[in-house]
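**Student:** Can you keep this structure in mind? I'll have questions shortly.
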Amino acid sequence: MSEAAKRPADMRIIENLSKAKAKMLAELHKVIIGQDAVIELLMQAMLSRGHCLLVGVPGLAKTLMISMLAKVLKLKFNRIQFTPDLMPSDITGTDVIEEDLTTGRRAFRFVKGPVFSNIILADEINRTPPKTQAALLQAMQEYHVTAGGNSYALDLPFFVLATQNPIEQEGTYPLPEAQLDRFMFMVLVDYPTLDEERMIVKSTTTDIKVETEEVLTGEDLLALQRIIRKIPVSQHVVDYAVNIVRATRPADPTAPDFIKNYLTGGAGPRAAQYLVLGAKSRALLHGRFNVSTDDVRAVAHPVLRHRLFSNFNADAEGIAADRVVDMLLQAVVEPRAEDYQNAPTAAPAGD
């Protein structure tokens, strides 16, 4: 089918997105009080084909938020509770020996693990050792699992939404850098406001059962993911995202002095890809087809905060990653659109 024939269907999907977003929020808020910014970031990650890491102290409804999101989407959902004794095969699956009762012959059969689903809730992912954490790496990046020399494809769409307790708490294992880099966003879940906490206590101490409705299907999400990659981005927006990421590297000539003073390492190219993809999905969710540098700035903190590695100076002065991102956004000069009048439109960003 030609692109011209596909376009009307794409336009219908885009036009329905704003209605679907409003309905999803309404369904989620039947159970989730507040957390609008967190929910929007989760939606942006899903549209961008990215994974999310939610960080917050226990009891802030991180798990409930993800399970409710799975309910309003017509997708298969599995929850994996990460514990210190969890093994990699408990996630991916394992080969078992089966005997044919008629012939007596034995053969291996692969029993799929909980990773074979559309939405995976990796609950308290940093409570398990790195060997088990790494079992998710191939699935998150390549969308298939290898076991016993065979490769098994995962069903699409596929999202890993992980929750993490602050590393200062006992019994936690910091995620390795390679694992962190697979997550598009690190989303900080904060305490509710006074009014929100009152509503939470009131709504959760009654015997009222809430029913939610499904809003989007897997086919809808896959179509939206394809549309996100078709949205054109101006070259000055791409350059702005790349300049921000390159400025996070202490050895780069464009890095400001505070980067060299506070960081031992910065973000890789995947961060620039996610800045552009996140900006695209944000623009589309807000009903716009033009991606601006404001969209890049809006997703800079969740994209970069887990990709900046602080040194002793930052730790001693109490300079957190978000503060470094604030300083970066002030220091990196935004390219002017008029300087690119004759420049070609950038190709859609890949993974």
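Convention: chains lettered A, B, ... in structure tokens order; per-chain residue numbering from 1; ligands numbered from 1 as shown.
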Stretch 220-284 of chain A near stretch 175-180 of chain A within 12 Å: what's each residue's closest atom pair and its distance in Å to one decimal, counting only C-alpha atoms, ordered by chain then ascending residue number, as a Markdown table?

**Tutor:**
```
| residue | atom | partner | partner_atom | distance |
| --- | --- | --- | --- | --- |
| A:Gly265 | CA | A:Glu177 | CA | 10.8 |
| A:Gly266 | CA | A:Glu177 | CA | 11.1 |
| A:Ala267 | CA | A:Glu177 | CA | 10.5 |
| A:Gly268 | CA | A:Ala178 | CA | 10.9 |
| A:Arg270 | CA | A:Leu180 | CA | 11.4 |
| A:Ala271 | CA | A:Leu180 | CA | 11.3 |
```

**Student:** Which of these, A:Leu224, A:Ala331, A:Leu263, A:Val215, has the shortest distance to A:Gln44 once you count only C-alpha atoms?

**Tutor:**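 Of A:Leu224, A:Ala331, A:Leu263, A:Val215, the one nearest A:Gln44, counting only C-alpha atoms, is A:Leu224.
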
**Student:** Using only C-alpha atoms, which protein or nucleic acid residues come within 9 Å of stretch 49-66 of chain A? Drop anything in the same chain fewer than 5 positions from it, and give the result as number ranges by chain.

**Tutor:** A: 28, 31-32, 38-39, 41-42, 44, 71, 119, 121, 123, 140, 157-166, 169, 180, 182-192, 222, 225, 274, 277, 351

**Student:** Taking 2 positions as the minimum chain separation for residues in the same chain, which residues sit within 8 Å of A:Ala241 when counting only C-alpha atoms? Answer as a list in words.

**Tutor:**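 Using only C-alpha atoms, the neighbours found are Val237, Val238, Asp239, Asn243, Ile244, Val245, Ala272, Leu275, Val276 and Val296 of chain A.
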
**Student:** Pull N, CA and C atoms from the residues just selected and write them as a PDB file, in the first residue's frame.

**Tutor:**
```pdb
ATOM      1  N   VAL A 237      16.357  21.592  15.982  1.00  0.00           N
ATOM      2  CA  VAL A 237      15.889  20.866  17.161  1.00  0.00           C
ATOM      3  C   VAL A 237      16.791  19.655  17.408  1.00  0.00           C
ATOM      4  N   VAL A 238      17.136  18.939  16.320  1.00  0.00           N
ATOM      5  CA  VAL A 238      18.053  17.801  16.452  1.00  0.00           C
ATOM      6  C   VAL A 238      19.406  18.271  16.985  1.00  0.00           C
ATOM      7  N   ASP A 239      19.929  19.367  16.427  1.00  0.00           N
ATOM      8  CA  ASP A 239      21.221  19.874  16.870  1.00  0.00           C
ATOM      9  C   ASP A 239      21.188  20.291  18.340  1.00  0.00           C
ATOM     10  N   ASN A 243      23.627  18.767  21.021  1.00  0.00           N
ATOM     11  CA  ASN A 243      24.532  19.668  21.746  1.00  0.00           C
ATOM     12  C   ASN A 243      24.395  19.510  23.255  1.00  0.00           C
ATOM     13  N   ILE A 244      23.169  19.309  23.735  1.00  0.00           N
ATOM     14  CA  ILE A 244      22.958  19.097  25.168  1.00  0.00           C
ATOM     15  C   ILE A 244      23.667  17.830  25.622  1.00  0.00           C
ATOM     16  N   VAL A 245      23.496  16.747  24.858  1.00  0.00           N
ATOM     17  CA  VAL A 245      24.090  15.465  25.248  1.00  0.00           C
ATOM     18  C   VAL A 245      25.616  15.536  25.201  1.00  0.00           C
ATOM     19  N   ALA A 272      20.502  11.309  23.127  1.00  0.00           N
ATOM     20  CA  ALA A 272      20.041  12.256  22.110  1.00  0.00           C
ATOM     21  C   ALA A 272      18.863  11.680  21.332  1.00  0.00           C
ATOM     22  N   LEU A 275      15.889  12.055  23.567  1.00  0.00           N
ATOM     23  CA  LEU A 275      15.454  13.445  23.659  1.00  0.00           C
ATOM     24  C   LEU A 275      14.550  13.807  22.477  1.00  0.00           C
ATOM     25  N   VAL A 276      14.942  13.372  21.277  1.00  0.00           N
ATOM     26  CA  VAL A 276      14.152  13.684  20.085  1.00  0.00           C
ATOM     27  C   VAL A 276      12.855  12.882  20.076  1.00  0.00           C
ATOM     28  N   VAL A 296      12.066  19.440  23.761  1.00  0.00           N
ATOM     29  CA  VAL A 296      13.331  18.814  24.155  1.00  0.00           C
ATOM     30  C   VAL A 296      13.647  19.150  25.608  1.00  0.00           C
TER      31      VAL A 296
END
```

**Student:** Quick one: DSSP strand (DSSP E or B) residues in stretch 16-222 of chain A, as a VMD selection string?

**Tutor:** chain A and resid 52 to 55 73 to 74 77 to 81 93 to 99 106 to 112 119 to 123 144 to 147 150 to 153 159 to 164 185 to 188 216 to 217

**Student:** Just C-alpha atoms for this one: save the residues we selected as a PDB file, in the first residue's frame.

**Tutor:**
```
ATOM      1  CA  CYS A  52      10.537   3.570  32.098  1.00  0.00           C
ATOM      2  CA  LEU A  53      12.164   3.385  35.518  1.00  0.00           C
ATOM      3  CA  LEU A  54      10.069   4.795  38.365  1.00  0.00           C
ATOM      4  CA  VAL A  55      11.962   5.803  41.499  1.00  0.00           C
ATOM      5  CA  LEU A  73      -4.771  -0.779  27.697  1.00  0.00           C
ATOM      6  CA  LYS A  74      -5.914  -3.973  26.042  1.00  0.00           C
ATOM      7  CA  PHE A  77       0.378  -7.845  31.629  1.00  0.00           C
ATOM      8  CA  ASN A  78       2.781  -9.675  33.946  1.00  0.00           C
ATOM      9  CA  ARG A  79       4.302  -8.575  37.212  1.00  0.00           C
ATOM     10  CA  ILE A  80       7.722  -9.832  38.289  1.00  0.00           C
ATOM     11  CA  GLN A  81       8.554  -9.280  41.939  1.00  0.00           C
ATOM     12  CA  GLY A  93      11.896 -19.113  30.999  1.00  0.00           C
ATOM     13  CA  THR A  94      13.685 -22.434  30.922  1.00  0.00           C
ATOM     14  CA  ASP A  95      13.962 -25.732  29.020  1.00  0.00           C
ATOM     15  CA  VAL A  96      12.288 -28.709  30.693  1.00  0.00           C
ATOM     16  CA  ILE A  97      12.544 -32.404  29.780  1.00  0.00           C
ATOM     17  CA  GLU A  98       9.318 -34.028  28.715  1.00  0.00           C
ATOM     18  CA  GLU A  99       8.754 -37.714  28.014  1.00  0.00           C
ATOM     19  CA  ARG A 106      12.460 -37.531  25.872  1.00  0.00           C
ATOM     20  CA  ALA A 107      12.796 -34.031  24.472  1.00  0.00           C
ATOM     21  CA  PHE A 108      13.337 -30.520  25.727  1.00  0.00           C
ATOM     22  CA  ARG A 109      10.455 -28.045  25.682  1.00  0.00           C
ATOM     23  CA  PHE A 110      10.860 -24.338  26.375  1.00  0.00           C
ATOM     24  CA  VAL A 111       8.519 -23.012  29.053  1.00  0.00           C
ATOM     25  CA  LYS A 112       8.116 -19.277  28.593  1.00  0.00           C
ATOM     26  CA  ILE A 119       3.655  -4.878  29.676  1.00  0.00           C
ATOM     27  CA  ILE A 120       6.166  -6.099  32.242  1.00  0.00           C
ATOM     28  CA  LEU A 121       6.129  -4.649  35.718  1.00  0.00           C
ATOM     29  CA  ALA A 122       9.612  -5.229  37.127  1.00  0.00           C
ATOM     30  CA  ASP A 123       8.747  -4.468  40.721  1.00  0.00           C
ATOM     31  CA  HIS A 144      13.561 -11.463  21.905  1.00  0.00           C
ATOM     32  CA  VAL A 145      14.945 -13.991  24.379  1.00  0.00           C
ATOM     33  CA  THR A 146      17.650 -16.597  23.794  1.00  0.00           C
ATOM     34  CA  ALA A 147      17.528 -19.840  25.764  1.00  0.00           C
ATOM     35  CA  ASN A 150      17.163 -20.897  20.442  1.00  0.00           C
ATOM     36  CA  SER A 151      15.729 -17.415  20.006  1.00  0.00           C
ATOM     37  CA  TYR A 152      12.135 -16.612  20.944  1.00  0.00           C
ATOM     38  CA  ALA A 153      10.456 -13.402  19.783  1.00  0.00           C
ATOM     39  CA  PHE A 159       7.295  -2.318  27.548  1.00  0.00           C
ATOM     40  CA  VAL A 160       9.295  -2.759  30.722  1.00  0.00           C
ATOM     41  CA  LEU A 161       8.058  -0.459  33.456  1.00  0.00           C
ATOM     42  CA  ALA A 162      10.292  -0.935  36.463  1.00  0.00           C
ATOM     43  CA  THR A 163      10.012   0.423  39.976  1.00  0.00           C
ATOM     44  CA  GLN A 164      13.046   1.095  42.098  1.00  0.00           C
ATOM     45  CA  PHE A 185      13.067   7.819  31.264  1.00  0.00           C
ATOM     46  CA  MET A 186      13.890   7.787  34.933  1.00  0.00           C
ATOM     47  CA  VAL A 187      10.726   9.169  36.514  1.00  0.00           C
ATOM     48  CA  LEU A 188      10.810  10.464  40.082  1.00  0.00           C
ATOM     49  CA  LEU A 216      -6.395   1.533  23.519  1.00  0.00           C
ATOM     50  CA  THR A 217      -5.400  -1.780  21.959  1.00  0.00           C
TER      51      THR A 217
END
```

**Student:** Could you tell me how far atom CA of A:Leu285 sits from atom CA of A:Ala70, in Å to one decimal place?

**Tutor:** 18.8 Å

**Student:** For A:Arg229, which residue out of A:Arg246, A:Leu75, A:Leu329, A:Ser48 is the nearest one, using only C-alpha atoms?

**Tutor:**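 Looking at the shortest contact to A:Arg229, the residue is A:Ser48.
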
**Student:** According to DSSP computed on the backbone, where in stretch 274-323 of chain A is there alpha helix (DSSP H)? Give the residues as a ChimeraX atom specification.

**Tutor:** /A:274-285,293-304,312-317,321-323

**Student:** Generate a file of the selected residues that holds C-alpha atoms, formatted as a PDB file, in the first residue's frame.

**Tutor:**
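Result file follows (out_0.pdb):
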```pdb
ATOM      1  CA  TYR A 274      15.476   9.651  23.367  1.00  0.00           C
ATOM      2  CA  LEU A 275      15.454  13.445  23.659  1.00  0.00           C
ATOM      3  CA  VAL A 276      14.152  13.684  20.085  1.00  0.00           C
ATOM      4  CA  LEU A 277      11.708  10.781  20.422  1.00  0.00           C
ATOM      5  CA  GLY A 278      10.429  12.114  23.738  1.00  0.00           C
ATOM      6  CA  ALA A 279       9.994  15.565  22.206  1.00  0.00           C
ATOM      7  CA  LYS A 280       8.042  14.036  19.301  1.00  0.00           C
ATOM      8  CA  SER A 281       5.685  12.088  21.551  1.00  0.00           C
ATOM      9  CA  ARG A 282       5.148  15.106  23.806  1.00  0.00           C
ATOM     10  CA  ALA A 283       4.245  17.288  20.845  1.00  0.00           C
ATOM     11  CA  LEU A 284       1.785  14.713  19.525  1.00  0.00           C
ATOM     12  CA  LEU A 285       0.159  14.212  22.938  1.00  0.00           C
ATOM     13  CA  THR A 293      13.154  22.945  21.481  1.00  0.00           C
ATOM     14  CA  ASP A 294      10.679  23.484  24.336  1.00  0.00           C
ATOM     15  CA  ASP A 295       9.672  19.843  23.903  1.00  0.00           C
ATOM     16  CA  VAL A 296      13.331  18.814  24.155  1.00  0.00           C
ATOM     17  CA  ARG A 297      13.770  20.827  27.348  1.00  0.00           C
ATOM     18  CA  ALA A 298      10.595  19.302  28.817  1.00  0.00           C
ATOM     19  CA  VAL A 299      11.981  15.751  28.587  1.00  0.00           C
ATOM     20  CA  ALA A 300      15.620  16.585  29.401  1.00  0.00           C
ATOM     21  CA  HIS A 301      15.435  15.724  33.111  1.00  0.00           C
ATOM     22  CA  PRO A 302      13.867  12.228  32.848  1.00  0.00           C
ATOM     23  CA  VAL A 303      16.159  11.365  29.897  1.00  0.00           C
ATOM     24  CA  LEU A 304      19.425  12.586  31.411  1.00  0.00           C
ATOM     25  CA  PHE A 312      33.184  13.485  44.731  1.00  0.00           C
ATOM     26  CA  ASN A 313      32.870  17.233  44.194  1.00  0.00           C
ATOM     27  CA  ALA A 314      29.181  16.965  43.296  1.00  0.00           C
ATOM     28  CA  ASP A 315      28.486  14.577  46.162  1.00  0.00           C
ATOM     29  CA  ALA A 316      30.302  16.797  48.653  1.00  0.00           C
ATOM     30  CA  GLU A 317      28.406  19.899  47.538  1.00  0.00           C
ATOM     31  CA  ALA A 321      21.748  15.193  38.637  1.00  0.00           C
ATOM     32  CA  ASP A 322      18.646  17.341  38.170  1.00  0.00           C
ATOM     33  CA  ARG A 323      20.588  20.413  39.248  1.00  0.00           C
TER      34      ARG A 323
END
```

**Student:** Just checking: using only C-alpha atoms, which residue out of A:Phe289, A:Ile228, A:Thr248, A:Thr264 ends up closest to A:Ala45?

**Tutor:** A:Ile228
